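**Q** Have a look at the structure that comes next, please.
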Amino acid sequence: INECATNNGNCGNASYITCVNNVGAAPTCQDILECESNNPCDSNATCTEKYAAAPSCECKPFFNGDGYSCADILECDTNNPCNDDQTCQEQVGAAPVCVDNNDGDNGNDGDNGNGGDNGNGGDNGDNSDTGGFDWGSACEGGSGQFSQPISYRDTVVVGDIPANKAAVYIKLTSTEDVDVQLIDKATGHEIIAWPNGDLNAHNEACTTYEGVRYCYSGYNGTNGSLGDEWIRIEGTTNRLLTMRAYGYKAGDAIVDYSWAAPTGCVDAGEGSFQQAIVKDDIVEVGVIPAGKSNIKIQLTADMDIDIQLYDGSTKLVAWSADGSHGMLSGAARQVLDYQGIKVVWSGYNGTDGNKGNEYIHIIGTVPSDFTMKVFGYEAGDATVDYAWGVDPAELN
């Protein structure tokens, strides 16, 4: 039955939602991404998708308009930030530049006075998230290094610093003058940034923001080098932070960083989702990443299903009609000792006499990425409930 042929499959307004027919299964409702396919906004505006509705348009900072038409603000005419002995130079889509009328030095040790912000909030439009950082799993410390391209008189996002990281230290080293910034990503609050951040001076200083202490080298850098700046976070981060860098010349900077695991950290969480099941076929449910411990997964469906679990090409759990079974393939509960962990499977007859209710428990820490799949004897939907960091006493 092609449900999409009637009332757009109950997905909603066809102008904004596409109904995708699935053979032998319920249709899928997909939001039309107008910002990607038919962006109505001005090139100097941000397009924001709205589910089942038209997108919204908002002019970027340093532009005025309704989002569909945006014009650059002439700050030198309306709100000149420069001193009397400086010339204000307009920058399209950015704060103006103050140029010293004498020797090209604006008098603040290489800082041009625009706070290192080019007017796009430090976002290059790619939602770069962690950028070059690799923060590992939830309960481990570590360190790393990467090279960060720096643009001329522009702000680049170095990367995000997640919550629940302890003793974070980041040092940026460049042969050119660079200013680092640290932003509360959720609110846009500037913890470190010239001129409006909580820390905005040329020298080393510290401040407390929302219960966490932040320290900064100052925009004059260390040992007289304007390209050597650092950030230190004392305690454990309690929010998502974004680190940015503004360059007075183009080049590359080296970013060295380190962090520690929070005291008493437990990597735990849970979730639930719906999984479409295809008749007489195998579908991939998802990947259990290496490093996760004490995992509980329950599939619940009205029809007969069989769970499968793979370590690469190795079948840990699988019943196959052609006889190529996995290490566990029985009708009732089974336990497998595998590379230091225990895998517990309900068996293909499920629980409580319901062949649509199967579970997998993993006791210990997963040594490599495991892939979970499911075979359906009928089409339909299954509910997948999962958790990790579970008390091992609950996993039998």
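Residues are referred to by chain and number: the chain letter is A, B, ... according to the order shown in the structure tokens, the number counts from 1 in that chain, and ligands are numbered separately from 1 in the order shown.
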For A:Leu336, please output as a PyMOL selection string all residues within 9 Å (counting only C-alpha atoms; exclusion window: fewer than 6 positions along the same chain).

**A** chain A and resi 316+327-328+342-345

**Q** Next, the residues of the selection above should be written as a PDB file, in the first residue's frame with N, CA, C and O atoms.

**A**
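out27.pdb, freshly written:
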```
ATOM      1  N   LEU A 316      29.013 -12.818  16.598  1.00  0.00           N
ATOM      2  CA  LEU A 316      28.922 -13.168  18.011  1.00  0.00           C
ATOM      3  C   LEU A 316      27.551 -13.761  18.320  1.00  0.00           C
ATOM      4  O   LEU A 316      27.446 -14.755  19.035  1.00  0.00           O
ATOM      5  N   MET A 327      28.462 -17.377  17.297  1.00  0.00           N
ATOM      6  CA  MET A 327      28.908 -18.095  18.489  1.00  0.00           C
ATOM      7  C   MET A 327      27.748 -18.399  19.423  1.00  0.00           C
ATOM      8  O   MET A 327      27.748 -19.402  20.144  1.00  0.00           O
ATOM      9  N   LEU A 328      26.750 -17.515  19.447  1.00  0.00           N
ATOM     10  CA  LEU A 328      25.494 -17.763  20.145  1.00  0.00           C
ATOM     11  C   LEU A 328      24.392 -17.848  19.105  1.00  0.00           C
ATOM     12  O   LEU A 328      24.251 -16.934  18.279  1.00  0.00           O
ATOM     13  N   LYS A 342      31.517 -10.528  28.826  1.00  0.00           N
ATOM     14  CA  LYS A 342      30.463 -11.525  28.709  1.00  0.00           C
ATOM     15  C   LYS A 342      29.333 -10.949  27.869  1.00  0.00           C
ATOM     16  O   LYS A 342      28.891  -9.808  28.091  1.00  0.00           O
ATOM     17  N   VAL A 343      28.885 -11.727  26.874  1.00  0.00           N
ATOM     18  CA  VAL A 343      27.737 -11.351  26.060  1.00  0.00           C
ATOM     19  C   VAL A 343      26.596 -12.296  26.420  1.00  0.00           C
ATOM     20  O   VAL A 343      26.736 -13.522  26.311  1.00  0.00           O
ATOM     21  N   VAL A 344      25.482 -11.724  26.880  1.00  0.00           N
ATOM     22  CA  VAL A 344      24.308 -12.506  27.268  1.00  0.00           C
ATOM     23  C   VAL A 344      23.196 -12.220  26.268  1.00  0.00           C
ATOM     24  O   VAL A 344      22.859 -11.054  26.018  1.00  0.00           O
ATOM     25  N   TRP A 345      22.626 -13.293  25.708  1.00  0.00           N
ATOM     26  CA  TRP A 345      21.545 -13.149  24.711  1.00  0.00           C
ATOM     27  C   TRP A 345      20.323 -13.924  25.189  1.00  0.00           C
ATOM     28  O   TRP A 345      20.430 -15.029  25.727  1.00  0.00           O
TER      29      TRP A 345
END
```

**Q** Fewer than 2 positions away in the same chain doesn't count, so skip those; otherwise give me all residues within 8 Å of A:Ile363, counting only C-alpha atoms, as a ChimeraX atom specification.

**A** /A:293-295,341-343,361,365,392,395

**Q** I need the residue nearest A:Ala245 from this list: A:Ser174, A:Thr48, A:Thr383, A:Ser37. Use only C-alpha atoms for the distance.

**A**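 Among the listed residues, A:Ser174 lies closest to A:Ala245.
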
**Q** Would you kindly return, as a count of residues only, each protein, DNA or RNA residue with an atom no farther than 6 Å from any atom of A:Ala193, considering only C-alpha atoms and excluding same-chain residues fewer than 4 positions away?

**A** 3

**Q** Assign secondary structure with DSSP using the backbone only, and return the residues of stretch 77-323 of chain A in strand (DSSP E or B) as a count of residues only.

**A** 126

**Q** Find the residues around stretch 267-276 of chain A up to 6 Å (only C-alpha atoms counted), leave out those fewer than 2 positions away in its own chain, and share them as a PyMOL selection string.

**A** chain A and resi 138+381-389

**Q** Applying 9 Å and only C-alpha atoms, which residues near A:Gln89 remain after dropping the ones on its own chain fewer than 2 positions away? List them as a PyMOL selection string.

**A** chain A and resi 76+87+91+96-99

**Q** Smallest atom-to-atom distance to A:Asn13: which of A:Ala26, A:Asn357, A:Gly330, A:Ala52, using only C-alpha atoms?

**A**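 Under the stated criterion, the closest residue is A:Ala52.
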